[in-house]
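Chemist: Just one file: run35.pdb, with PDB, C-alpha atoms.
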ATOM      1  CA  MET A 447      61.248 196.499  75.939  1.00  0.00           C
ATOM      2  CA  THR A 448      60.428 193.903  78.557  1.00  0.00           C
ATOM      3  CA  ILE A 449      59.882 190.248  77.874  1.00  0.00           C
ATOM      4  CA  SER A 450      56.750 188.596  79.210  1.00  0.00           C
ATOM      5  CA  MET A 451      56.713 185.514  81.412  1.00  0.00           C
ATOM      6  CA  SER A 452      54.571 183.703  78.856  1.00  0.00           C
ATOM      7  CA  SER A 453      56.921 184.448  75.956  1.00  0.00           C
ATOM      8  CA  ALA A 454      59.930 183.460  78.071  1.00  0.00           C
ATOM      9  CA  SER A 455      58.410 180.125  79.038  1.00  0.00           C
ATOM     10  CA  LEU A 456      55.712 178.556  76.869  1.00  0.00           C
ATOM     11  CA  PRO A 457      57.431 178.701  73.458  1.00  0.00           C
ATOM     12  CA  ILE A 458      60.716 177.491  74.932  1.00  0.00           C
ATOM     13  CA  CYS A 459      59.085 174.551  76.699  1.00  0.00           C
ATOM     14  CA  MET A 460      57.118 173.633  73.587  1.00  0.00           C
ATOM     15  CA  THR A 461      60.165 173.861  71.352  1.00  0.00           C
ATOM     16  CA  MET A 462      62.360 171.761  73.615  1.00  0.00           C
ATOM     17  CA  LEU A 463      59.683 169.109  74.098  1.00  0.00           C
ATOM     18  CA  GLY A 464      59.011 169.088  70.360  1.00  0.00           C
ATOM     19  CA  ASN A 465      62.721 168.586  69.736  1.00  0.00           C
ATOM     20  CA  LEU A 466      62.713 165.793  72.302  1.00  0.00           C
ATOM     21  CA  ALA A 467      59.824 164.091  70.469  1.00  0.00           C
ATOM     22  CA  HIS A 468      61.855 164.405  67.257  1.00  0.00           C
ATOM     23  CA  MET A 469      64.796 162.701  68.990  1.00  0.00           C
ATOM     24  CA  LEU A 470      62.494 159.860  70.033  1.00  0.00           C
ATOM     25  CA  ASP A 471      61.417 159.480  66.399  1.00  0.00           C
ATOM     26  CA  LYS A 472      65.058 159.113  65.427  1.00  0.00           C
ATOM     27  CA  ALA A 473      65.572 156.627  68.268  1.00  0.00           C
ATOM     28  CA  GLN A 474      62.657 154.567  66.935  1.00  0.00           C
ATOM     29  CA  VAL A 475      64.187 154.563  63.446  1.00  0.00           C
ATOM     30  CA  PHE A 476      67.481 153.433  64.994  1.00  0.00           C
ATOM     31  CA  VAL A 477      65.777 150.560  66.854  1.00  0.00           C
ATOM     32  CA  ASP A 478      63.754 149.515  63.798  1.00  0.00           C
ATOM     33  CA  THR A 479      66.734 149.670  61.438  1.00  0.00           C
ATOM     34  CA  ARG A 480      69.139 147.874  63.734  1.00  0.00           C
ATOM     35  CA  LYS A 481      66.478 145.476  64.998  1.00  0.00           C
ATOM     36  CA  CYS A 482      67.741 145.940  68.533  1.00  0.00           C
ATOM     37  CA  ASP A 483      65.917 145.762  71.825  1.00  0.00           C
ATOM     38  CA  PRO A 484      64.484 149.245  72.556  1.00  0.00           C
ATOM     39  CA  SER A 485      65.138 148.744  76.268  1.00  0.00           C
ATOM     40  CA  ALA A 486      68.831 149.064  75.416  1.00  0.00           C
ATOM     41  CA  LEU A 487      67.972 152.759  75.034  1.00  0.00           C
ATOM     42  CA  THR A 488      65.090 153.251  77.465  1.00  0.00           C
ATOM     43  CA  LEU A 489      66.950 151.703  80.415  1.00  0.00           C
ATOM     44  CA  TYR A 490      70.359 153.153  79.579  1.00  0.00           C
ATOM     45  CA  ARG A 491      72.162 155.551  81.897  1.00  0.00           C
ATOM     46  CA  LEU A 492      75.483 157.284  81.344  1.00  0.00           C
ATOM     47  CA  ALA A 493      76.700 156.644  84.897  1.00  0.00           C
ATOM     48  CA  PRO A 494      75.693 154.161  87.600  1.00  0.00           C
ATOM     49  CA  ASP A 495      74.170 156.879  89.813  1.00  0.00           C
ATOM     50  CA  MET A 496      72.350 158.601  86.952  1.00  0.00           C
ATOM     51  CA  LEU A 497      68.673 158.177  86.133  1.00  0.00           C
ATOM     52  CA  PRO A 498      67.914 156.122  83.017  1.00  0.00           C
ATOM     53  CA  PHE A 499      66.670 157.510  79.713  1.00  0.00           C
ATOM     54  CA  THR A 500      63.012 156.899  80.564  1.00  0.00           C
ATOM     55  CA  ARG A 501      63.253 159.055  83.697  1.00  0.00           C
ATOM     56  CA  GLN A 502      65.055 161.797  81.762  1.00  0.00           C
ATOM     57  CA  ILE A 503      62.018 162.095  79.471  1.00  0.00           C
ATOM     58  CA  GLN A 504      59.538 161.953  82.352  1.00  0.00           C
ATOM     59  CA  ILE A 505      61.388 164.612  84.330  1.00  0.00           C
ATOM     60  CA  ALA A 506      61.771 166.885  81.283  1.00  0.00           C
ATOM     61  CA  CYS A 507      57.993 166.736  80.815  1.00  0.00           C
ATOM     62  CA  ASP A 508      57.395 167.324  84.517  1.00  0.00           C
ATOM     63  CA  ALA A 509      59.784 170.279  84.592  1.00  0.00           C
ATOM     64  CA  ALA A 510      57.784 171.972  81.846  1.00  0.00           C
ATOM     65  CA  LYS A 511      54.225 171.156  82.961  1.00  0.00           C
ATOM     66  CA  ASN A 512      54.771 171.570  86.699  1.00  0.00           C
ATOM     67  CA  GLY A 513      56.869 174.693  86.271  1.00  0.00           C
ATOM     68  CA  ILE A 514      54.319 176.399  84.037  1.00  0.00           C
ATOM     69  CA  ALA A 515      51.516 175.345  86.385  1.00  0.00           C
ATOM     70  CA  ARG A 516      53.348 176.740  89.431  1.00  0.00           C
ATOM     71  CA  ILE A 517      53.995 180.054  87.714  1.00  0.00           C
ATOM     72  CA  GLY A 518      50.406 180.289  86.489  1.00  0.00           C
ATOM     73  CA  GLY A 519      48.801 179.098  89.718  1.00  0.00           C
ATOM     74  CA  ILE A 520      46.969 176.337  87.881  1.00  0.00           C
ATOM     75  CA  GLU A 521      46.688 172.590  88.327  1.00  0.00           C
ATOM     76  CA  ALA A 522      49.121 170.483  86.317  1.00  0.00           C
ATOM     77  CA  PRO A 523      48.009 167.094  85.040  1.00  0.00           C
ATOM     78  CA  LYS A 524      49.447 164.156  86.947  1.00  0.00           C
ATOM     79  CA  PHE A 525      51.213 161.406  85.028  1.00  0.00           C
ATOM     80  CA  ASP A 526      51.935 158.010  86.576  1.00  0.00           C
ATOM     81  CA  ASP A 527      55.539 157.533  85.358  1.00  0.00           C
ATOM     82  CA  THR A 528      54.694 154.118  83.910  1.00  0.00           C
ATOM     83  CA  GLU A 529      56.119 154.601  80.419  1.00  0.00           C
ATOM     84  CA  THR A 530      58.516 151.888  79.284  1.00  0.00           C
ATOM     85  CA  THR A 531      58.572 152.183  75.485  1.00  0.00           C
ATOM     86  CA  LEU A 532      59.656 154.878  73.077  1.00  0.00           C
ATOM     87  CA  ALA A 533      56.049 155.215  71.874  1.00  0.00           C
ATOM     88  CA  GLU A 534      54.776 155.667  75.430  1.00  0.00           C
ATOM     89  CA  LEU A 535      57.454 158.269  76.132  1.00  0.00           C
ATOM     90  CA  LYS A 536      56.526 160.137  72.961  1.00  0.00           C
ATOM     91  CA  ALA A 537      52.865 160.034  74.030  1.00  0.00           C
ATOM     92  CA  ARG A 538      53.848 161.564  77.365  1.00  0.00           C
ATOM     93  CA  ILE A 539      55.573 164.403  75.563  1.00  0.00           C
ATOM     94  CA  GLY A 540      52.404 164.837  73.497  1.00  0.00           C
ATOM     95  CA  LYS A 541      50.216 164.993  76.617  1.00  0.00           C
ATOM     96  CA  THR A 542      52.563 167.563  78.116  1.00  0.00           C
ATOM     97  CA  LEU A 543      52.448 169.678  74.957  1.00  0.00           C
ATOM     98  CA  ASP A 544      48.639 169.401  74.909  1.00  0.00           C
ATOM     99  CA  PHE A 545      48.533 170.763  78.461  1.00  0.00           C
ATOM    100  CA  LEU A 546      50.926 173.623  77.688  1.00  0.00           C
ATOM    101  CA  LYS A 547      48.739 174.669  74.757  1.00  0.00           C
ATOM    102  CA  THR A 548      45.834 175.205  77.171  1.00  0.00           C
ATOM    103  CA  VAL A 549      47.716 177.638  79.409  1.00  0.00           C
ATOM    104  CA  PRO A 550      46.690 181.220  78.626  1.00  0.00           C
ATOM    105  CA  ALA A 551      49.417 183.847  78.526  1.00  0.00           C
ATOM    106  CA  SER A 552      47.353 185.853  81.020  1.00  0.00           C
ATOM    107  CA  ALA A 553      47.970 183.172  83.673  1.00  0.00           C
ATOM    108  CA  LEU A 554      51.731 183.727  83.416  1.00  0.00           C
ATOM    109  CA  ASP A 555      52.199 187.387  82.546  1.00  0.00           C
ATOM    110  CA  GLY A 556      52.653 189.722  85.494  1.00  0.00           C
ATOM    111  CA  THR A 557      53.749 186.935  87.862  1.00  0.00           C
ATOM    112  CA  GLU A 558      57.426 187.926  87.944  1.00  0.00           C
ATOM    113  CA  THR A 559      57.516 188.657  91.699  1.00  0.00           C
ATOM    114  CA  LYS A 560      55.090 185.945  92.806  1.00  0.00           C
ATOM    115  CA  ASP A 561      56.639 183.525  95.290  1.00  0.00           C
ATOM    116  CA  ILE A 562      56.918 179.961  94.019  1.00  0.00           C
ATOM    117  CA  THR A 563      57.533 177.197  96.541  1.00  0.00           C
ATOM    118  CA  PHE A 564      58.542 173.899  94.993  1.00  0.00           C
ATOM    119  CA  PRO A 565      59.979 170.562  96.070  1.00  0.00           C
ATOM    120  CA  VAL A 566      63.732 170.073  96.068  1.00  0.00           C
ATOM    121  CA  GLY A 567      64.453 166.409  96.524  1.00  0.00           C
ATOM    122  CA  LYS A 568      62.199 164.211  98.602  1.00  0.00           C
ATOM    123  CA  ASP A 569      62.036 166.165 101.853  1.00  0.00           C
ATOM    124  CA  ALA A 570      62.768 169.820 101.167  1.00  0.00           C
ATOM    125  CA  THR A 571      61.260 172.824  99.461  1.00  0.00           C
ATOM    126  CA  ARG A 572      62.644 176.050  98.124  1.00  0.00           C
ATOM    127  CA  THR A 573      60.977 179.393  97.483  1.00  0.00           C
ATOM    128  CA  MET A 574      61.951 181.764  94.695  1.00  0.00           C
ATOM    129  CA  GLN A 575      60.249 184.607  92.922  1.00  0.00           C
ATOM    130  CA  SER A 576      58.616 183.456  89.716  1.00  0.00           C
ATOM    131  CA  GLU A 577      60.997 185.139  87.284  1.00  0.00           C
ATOM    132  CA  ALA A 578      64.047 183.764  89.097  1.00  0.00           C
ATOM    133  CA  TYR A 579      62.379 180.345  89.298  1.00  0.00           C
ATOM    134  CA  LEU A 580      61.798 180.364  85.533  1.00  0.00           C
ATOM    135  CA  LYS A 581      65.303 181.551  84.635  1.00  0.00           C
ATOM    136  CA  HIS A 582      67.415 179.779  87.225  1.00  0.00           C
ATOM    137  CA  TRP A 583      65.524 176.591  88.076  1.00  0.00           C
ATOM    138  CA  MET A 584      62.720 175.523  85.757  1.00  0.00           C
ATOM    139  CA  LEU A 585      64.274 176.140  82.339  1.00  0.00           C
ATOM    140  CA  PRO A 586      67.762 174.909  83.346  1.00  0.00           C
ATOM    141  CA  ASN A 587      66.133 171.746  84.744  1.00  0.00           C
ATOM    142  CA  LEU A 588      64.233 171.217  81.476  1.00  0.00           C
ATOM    143  CA  PHE A 589      67.396 171.781  79.414  1.00  0.00           C
ATOM    144  CA  PHE A 590      69.413 169.434  81.631  1.00  0.00           C
ATOM    145  CA  HIS A 591      67.049 166.493  81.212  1.00  0.00           C
ATOM    146  CA  VAL A 592      66.572 167.050  77.474  1.00  0.00           C
ATOM    147  CA  THR A 593      70.359 167.216  77.149  1.00  0.00           C
ATOM    148  CA  MET A 594      70.817 164.005  79.134  1.00  0.00           C
ATOM    149  CA  ALA A 595      68.252 162.236  76.921  1.00  0.00           C
ATOM    150  CA  TYR A 596      70.118 163.529  73.853  1.00  0.00           C
ATOM    151  CA  ALA A 597      73.456 162.365  75.288  1.00  0.00           C
ATOM    152  CA  ILE A 598      72.145 158.878  76.061  1.00  0.00           C
ATOM    153  CA  LEU A 599      70.759 158.455  72.553  1.00  0.00           C
ATOM    154  CA  ARG A 600      73.865 159.896  70.898  1.00  0.00           C
ATOM    155  CA  HIS A 601      76.161 157.750  73.030  1.00  0.00           C
ATOM    156  CA  ASN A 602      74.268 154.658  71.903  1.00  0.00           C
ATOM    157  CA  GLY A 603      74.624 155.468  68.224  1.00  0.00           C
ATOM    158  CA  VAL A 604      71.357 157.209  67.373  1.00  0.00           C
ATOM    159  CA  ASP A 605      72.014 159.578  64.474  1.00  0.00           C
ATOM    160  CA  LEU A 606      71.605 162.886  66.307  1.00  0.00           C
ATOM    161  CA  GLY A 607      73.412 166.172  66.034  1.00  0.00           C
ATOM    162  CA  LYS A 608      73.152 169.675  67.371  1.00  0.00           C
ATOM    163  CA  ARG A 609      70.485 170.493  64.759  1.00  0.00           C
ATOM    164  CA  ASP A 610      68.221 167.811  66.274  1.00  0.00           C
ATOM    165  CA  TYR A 611      68.653 169.292  69.761  1.00  0.00           C
ATOM    166  CA  LEU A 612      68.046 172.861  68.632  1.00  0.00           C
ATOM    167  CA  LEU A 613      65.707 172.531  65.660  1.00  0.00           C
ATOM    168  CA  GLY A 614      64.125 169.110  65.930  1.00  0.00           C
ATOM    169  CA  ALA A 615      61.861 168.300  63.021  1.00  0.00           C
ATOM    170  CA  ALA A 616      62.104 171.915  61.793  1.00  0.00           C
ATOM    171  CA  GLY A 617      65.814 171.475  61.067  1.00  0.00           C
TER     172      GLY A 617
END
Would it be possible to restate this file's structure as structure tokens?
Modeler:
Amino acid sequence: MTISMSSASLPICMTMLGNLAHMLDKAQVFVDTRKCDPSALTLYRLAPDMLPFTRQIQIACDAAKNGIARIGGIEAPKFDDTETTLAELKARIGKTLDFLKTVPASALDGTETKDITFPVGKDATRTMQSEAYLKHWMLPNLFFHVTMAYAILRHNGVDLGKRDYLLGAAG
């Protein structure tokens, strides 16, 4: 039995972004309970050359919405990357999920060999077939940025565990 492009992409993106929203809820509880400055989390980075938490969330959302749009040959919504608070970041995840819910399976299924050209850095592009792009670029990129957001929160003391990363609010 073969797996469809829609079943290999949409539910995974929605689950990971939903889990990310759950992590932001736990971050908000942490901030409220400890009465600490939320920017201690939103601006935090694990290494000097690493992007801060806020960018990890923005890029995770972009990986999902832009990747699905590229595969489906549809226009992705554009977000301005202006979020600075946990609530704004959670709203961005919500807008991304709202977009993903509008993408019909028919736009994705059967695109396995379609060429996808996408930006790599500021000045380069790369072309891959859609199935390879999904498996070896888009989903790993999404997982990376969700994982970095998790690691930043966990490092700073937010009560997160593997269940939060994998199951989110369903756990």
Chemist: Expanded to explicit residues, what is the PyMOL selection byres ((chain A and resi 477-489) around 8) for this file, as a ChimeraX atom specification?
Modeler: /A:473-476,490-491,498-500,530-532,598-599,602
Chemist: Using all atoms listed in the file, which residue out of A:Asp526, A:Leu466, A:Glu577, A:Asp544 lies closest to Ala597 in chain A?
Modeler: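 Using all atoms listed in the file, Ala597 in chain A sits closest to A:Leu466.
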Chemist: Pick out the closest residue to Lys547 in chain A from this set: A:Lys581, A:Ile449, A:Ile514, A:Thr571. Count all atoms listed in the file.
Modeler: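 Among the listed residues, A:Ile514 lies closest to Lys547 in chain A.
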Chemist: Give me, please, the distance in Å between CA of Leu543 in chain A and CA of Thr593 in chain A, quoted to one decimal.
Modeler: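 For CA of Leu543 in chain A relative to CA of Thr593 in chain A, the distance reads 18.2 Å.
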Chemist: Kindly extract all protein, DNA and RNA residues lying within 10 Å of the coordinates (59.6, 184.9, 91.5) given in the file, considering all atoms listed in the file, and supply them as a ChimeraX atom specification.
Modeler: /A:517,557-563,573-581
Chemist: Just want the 12 Å neighbourhood of Asp527 in chain A, counted on only C-alpha atoms, with same-chain residues fewer than 3 positions away dropped. Output as a list in words.
Modeler: Thr500, Arg501, Gln502, Ile503, Gln504, Ile505, Ala506, Cys507, Asp508, Lys524, Thr530, Thr531, Glu534, Leu535, Ala537, Arg538 and Ile539 of chain A
Chemist: Between A:Phe545, A:Pro550, A:Asp555, A:Ala533, which has the minimum distance to Lys472 in chain A (counting all atoms listed in the file)?
Modeler: A:Ala533
Chemist: For each of A:Ala595, A:Gly518, A:Pro586, A:Ala493, take the minimum atom-to-atom distance to Gly556 in chain A, counting all atoms listed in the file, then give the residue where this is smallest.
Modeler: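 When distances to Gly556 in chain A are compared using all atoms listed in the file, the smallest one comes from A:Gly518.
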Chemist: So how far away is CA of Ala551 in chain A from CA of Asn465 in chain A, in Å?
Modeler: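 Computing the Euclidean distance for CA of Asn465 in chain A and CA of Ala551 in chain A yields 22.1 Å.
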Chemist: Where atoms are absent from range 493-529 of chain A, fill them in so it carries N, CA and C atoms, then output it as a PDB file, in the coordinates of the input.
Modeler:
ATOM      1  N   ALA A 493      75.899 156.938  83.706  1.00  0.00           N
ATOM      2  CA  ALA A 493      76.700 156.644  84.897  1.00  0.00           C
ATOM      3  C   ALA A 493      75.836 155.831  85.862  1.00  0.00           C
ATOM      4  N   PRO A 494      76.466 155.027  86.704  1.00  0.00           N
ATOM      5  CA  PRO A 494      75.693 154.161  87.600  1.00  0.00           C
ATOM      6  C   PRO A 494      74.716 154.906  88.510  1.00  0.00           C
ATOM      7  N   ASP A 495      75.045 156.127  88.903  1.00  0.00           N
ATOM      8  CA  ASP A 495      74.170 156.879  89.813  1.00  0.00           C
ATOM      9  C   ASP A 495      73.246 157.856  89.082  1.00  0.00           C
ATOM     10  N   MET A 496      73.177 157.717  87.773  1.00  0.00           N
ATOM     11  CA  MET A 496      72.350 158.601  86.952  1.00  0.00           C
ATOM     12  C   MET A 496      71.019 157.930  86.658  1.00  0.00           C
ATOM     13  N   LEU A 497      69.979 158.722  86.504  1.00  0.00           N
ATOM     14  CA  LEU A 497      68.673 158.177  86.133  1.00  0.00           C
ATOM     15  C   LEU A 497      68.696 157.698  84.682  1.00  0.00           C
ATOM     16  N   PRO A 498      67.926 156.647  84.383  1.00  0.00           N
ATOM     17  CA  PRO A 498      67.914 156.122  83.017  1.00  0.00           C
ATOM     18  C   PRO A 498      67.149 157.036  82.054  1.00  0.00           C
ATOM     19  N   PHE A 499      67.286 156.732  80.790  1.00  0.00           N
ATOM     20  CA  PHE A 499      66.670 157.510  79.713  1.00  0.00           C
ATOM     21  C   PHE A 499      65.191 157.782  79.963  1.00  0.00           C
ATOM     22  N   THR A 500      64.454 156.744  80.340  1.00  0.00           N
ATOM     23  CA  THR A 500      63.012 156.899  80.564  1.00  0.00           C
ATOM     24  C   THR A 500      62.731 158.005  81.578  1.00  0.00           C
ATOM     25  N   ARG A 501      63.463 158.022  82.671  1.00  0.00           N
ATOM     26  CA  ARG A 501      63.253 159.055  83.697  1.00  0.00           C
ATOM     27  C   ARG A 501      63.659 160.435  83.184  1.00  0.00           C
ATOM     28  N   GLN A 502      64.658 160.500  82.319  1.00  0.00           N
ATOM     29  CA  GLN A 502      65.055 161.797  81.762  1.00  0.00           C
ATOM     30  C   GLN A 502      63.883 162.417  81.003  1.00  0.00           C
ATOM     31  N   ILE A 503      63.169 161.602  80.237  1.00  0.00           N
ATOM     32  CA  ILE A 503      62.018 162.095  79.471  1.00  0.00           C
ATOM     33  C   ILE A 503      60.900 162.503  80.426  1.00  0.00           C
ATOM     34  N   GLN A 504      60.613 161.659  81.399  1.00  0.00           N
ATOM     35  CA  GLN A 504      59.538 161.953  82.352  1.00  0.00           C
ATOM     36  C   GLN A 504      59.820 163.248  83.105  1.00  0.00           C
ATOM     37  N   ILE A 505      61.044 163.410  83.557  1.00  0.00           N
ATOM     38  CA  ILE A 505      61.388 164.612  84.330  1.00  0.00           C
ATOM     39  C   ILE A 505      61.387 165.851  83.438  1.00  0.00           C
ATOM     40  N   ALA A 506      61.830 165.736  82.196  1.00  0.00           N
ATOM     41  CA  ALA A 506      61.771 166.885  81.283  1.00  0.00           C
ATOM     42  C   ALA A 506      60.328 167.346  81.122  1.00  0.00           C
ATOM     43  N   CYS A 507      59.420 166.391  80.934  1.00  0.00           N
ATOM     44  CA  CYS A 507      57.993 166.736  80.815  1.00  0.00           C
ATOM     45  C   CYS A 507      57.481 167.374  82.098  1.00  0.00           C
ATOM     46  N   ASP A 508      57.844 166.788  83.229  1.00  0.00           N
ATOM     47  CA  ASP A 508      57.395 167.324  84.517  1.00  0.00           C
ATOM     48  C   ASP A 508      57.946 168.726  84.769  1.00  0.00           C
ATOM     49  N   ALA A 509      59.192 168.946  84.396  1.00  0.00           N
ATOM     50  CA  ALA A 509      59.784 170.279  84.592  1.00  0.00           C
ATOM     51  C   ALA A 509      58.965 171.325  83.858  1.00  0.00           C
ATOM     52  N   ALA A 510      58.563 171.017  82.636  1.00  0.00           N
ATOM     53  CA  ALA A 510      57.784 171.972  81.846  1.00  0.00           C
ATOM     54  C   ALA A 510      56.370 172.134  82.407  1.00  0.00           C
ATOM     55  N   LYS A 511      55.638 171.043  82.562  1.00  0.00           N
ATOM     56  CA  LYS A 511      54.225 171.156  82.961  1.00  0.00           C
ATOM     57  C   LYS A 511      54.074 171.652  84.394  1.00  0.00           C
ATOM     58  N   ASN A 512      54.891 171.131  85.308  1.00  0.00           N
ATOM     59  CA  ASN A 512      54.771 171.570  86.699  1.00  0.00           C
ATOM     60  C   ASN A 512      55.277 172.992  86.885  1.00  0.00           C
ATOM     61  N   GLY A 513      56.345 173.332  86.173  1.00  0.00           N
ATOM     62  CA  GLY A 513      56.869 174.693  86.271  1.00  0.00           C
ATOM     63  C   GLY A 513      55.879 175.724  85.761  1.00  0.00           C
ATOM     64  N   ILE A 514      55.315 175.479  84.600  1.00  0.00           N
ATOM     65  CA  ILE A 514      54.319 176.399  84.037  1.00  0.00           C
ATOM     66  C   ILE A 514      53.103 176.481  84.966  1.00  0.00           C
ATOM     67  N   ALA A 515      52.673 175.352  85.483  1.00  0.00           N
ATOM     68  CA  ALA A 515      51.516 175.345  86.385  1.00  0.00           C
ATOM     69  C   ALA A 515      51.807 176.140  87.658  1.00  0.00           C
ATOM     70  N   ARG A 516      52.990 175.978  88.219  1.00  0.00           N
ATOM     71  CA  ARG A 516      53.348 176.740  89.431  1.00  0.00           C
ATOM     72  C   ARG A 516      53.338 178.243  89.150  1.00  0.00           C
ATOM     73  N   ILE A 517      53.945 178.626  88.055  1.00  0.00           N
ATOM     74  CA  ILE A 517      53.995 180.054  87.714  1.00  0.00           C
ATOM     75  C   ILE A 517      52.583 180.593  87.505  1.00  0.00           C
ATOM     76  N   GLY A 518      51.754 179.831  86.809  1.00  0.00           N
ATOM     77  CA  GLY A 518      50.406 180.289  86.489  1.00  0.00           C
ATOM     78  C   GLY A 518      49.376 180.066  87.579  1.00  0.00           C
ATOM     79  N   GLY A 519      49.757 179.363  88.650  1.00  0.00           N
ATOM     80  CA  GLY A 519      48.801 179.098  89.718  1.00  0.00           C
ATOM     81  C   GLY A 519      47.661 178.197  89.270  1.00  0.00           C
ATOM     82  N   ILE A 520      47.986 177.257  88.393  1.00  0.00           N
ATOM     83  CA  ILE A 520      46.969 176.337  87.881  1.00  0.00           C
ATOM     84  C   ILE A 520      47.380 174.896  88.186  1.00  0.00           C
ATOM     85  N   GLU A 521      46.440 174.005  88.053  1.00  0.00           N
ATOM     86  CA  GLU A 521      46.688 172.590  88.327  1.00  0.00           C
ATOM     87  C   GLU A 521      47.351 171.927  87.115  1.00  0.00           C
ATOM     88  N   ALA A 522      48.458 171.246  87.376  1.00  0.00           N
ATOM     89  CA  ALA A 522      49.121 170.483  86.317  1.00  0.00           C
ATOM     90  C   ALA A 522      48.530 169.079  86.273  1.00  0.00           C
ATOM     91  N   PRO A 523      48.454 168.490  85.098  1.00  0.00           N
ATOM     92  CA  PRO A 523      48.009 167.094  85.040  1.00  0.00           C
ATOM     93  C   PRO A 523      49.035 166.203  85.735  1.00  0.00           C
ATOM     94  N   LYS A 524      48.563 165.118  86.292  1.00  0.00           N
ATOM     95  CA  LYS A 524      49.447 164.156  86.947  1.00  0.00           C
ATOM     96  C   LYS A 524      49.641 162.967  86.020  1.00  0.00           C
ATOM     97  N   PHE A 525      50.888 162.576  85.834  1.00  0.00           N
ATOM     98  CA  PHE A 525      51.213 161.406  85.028  1.00  0.00           C
ATOM     99  C   PHE A 525      51.814 160.356  85.958  1.00  0.00           C
ATOM    100  N   ASP A 526      51.569 159.094  85.667  1.00  0.00           N
ATOM    101  CA  ASP A 526      51.935 158.010  86.576  1.00  0.00           C
ATOM    102  C   ASP A 526      53.367 157.501  86.452  1.00  0.00           C
ATOM    103  N   ASP A 527      54.151 157.993  85.542  1.00  0.00           N
ATOM    104  CA  ASP A 527      55.539 157.533  85.358  1.00  0.00           C
ATOM    105  C   ASP A 527      55.608 156.034  85.085  1.00  0.00           C
ATOM    106  N   THR A 528      54.729 155.553  84.221  1.00  0.00           N
ATOM    107  CA  THR A 528      54.694 154.118  83.910  1.00  0.00           C
ATOM    108  C   THR A 528      55.207 153.812  82.504  1.00  0.00           C
ATOM    109  N   GLU A 529      55.669 154.810  81.794  1.00  0.00           N
ATOM    110  CA  GLU A 529      56.119 154.601  80.419  1.00  0.00           C
ATOM    111  C   GLU A 529      57.357 153.704  80.388  1.00  0.00           C
TER     112      GLU A 529
END
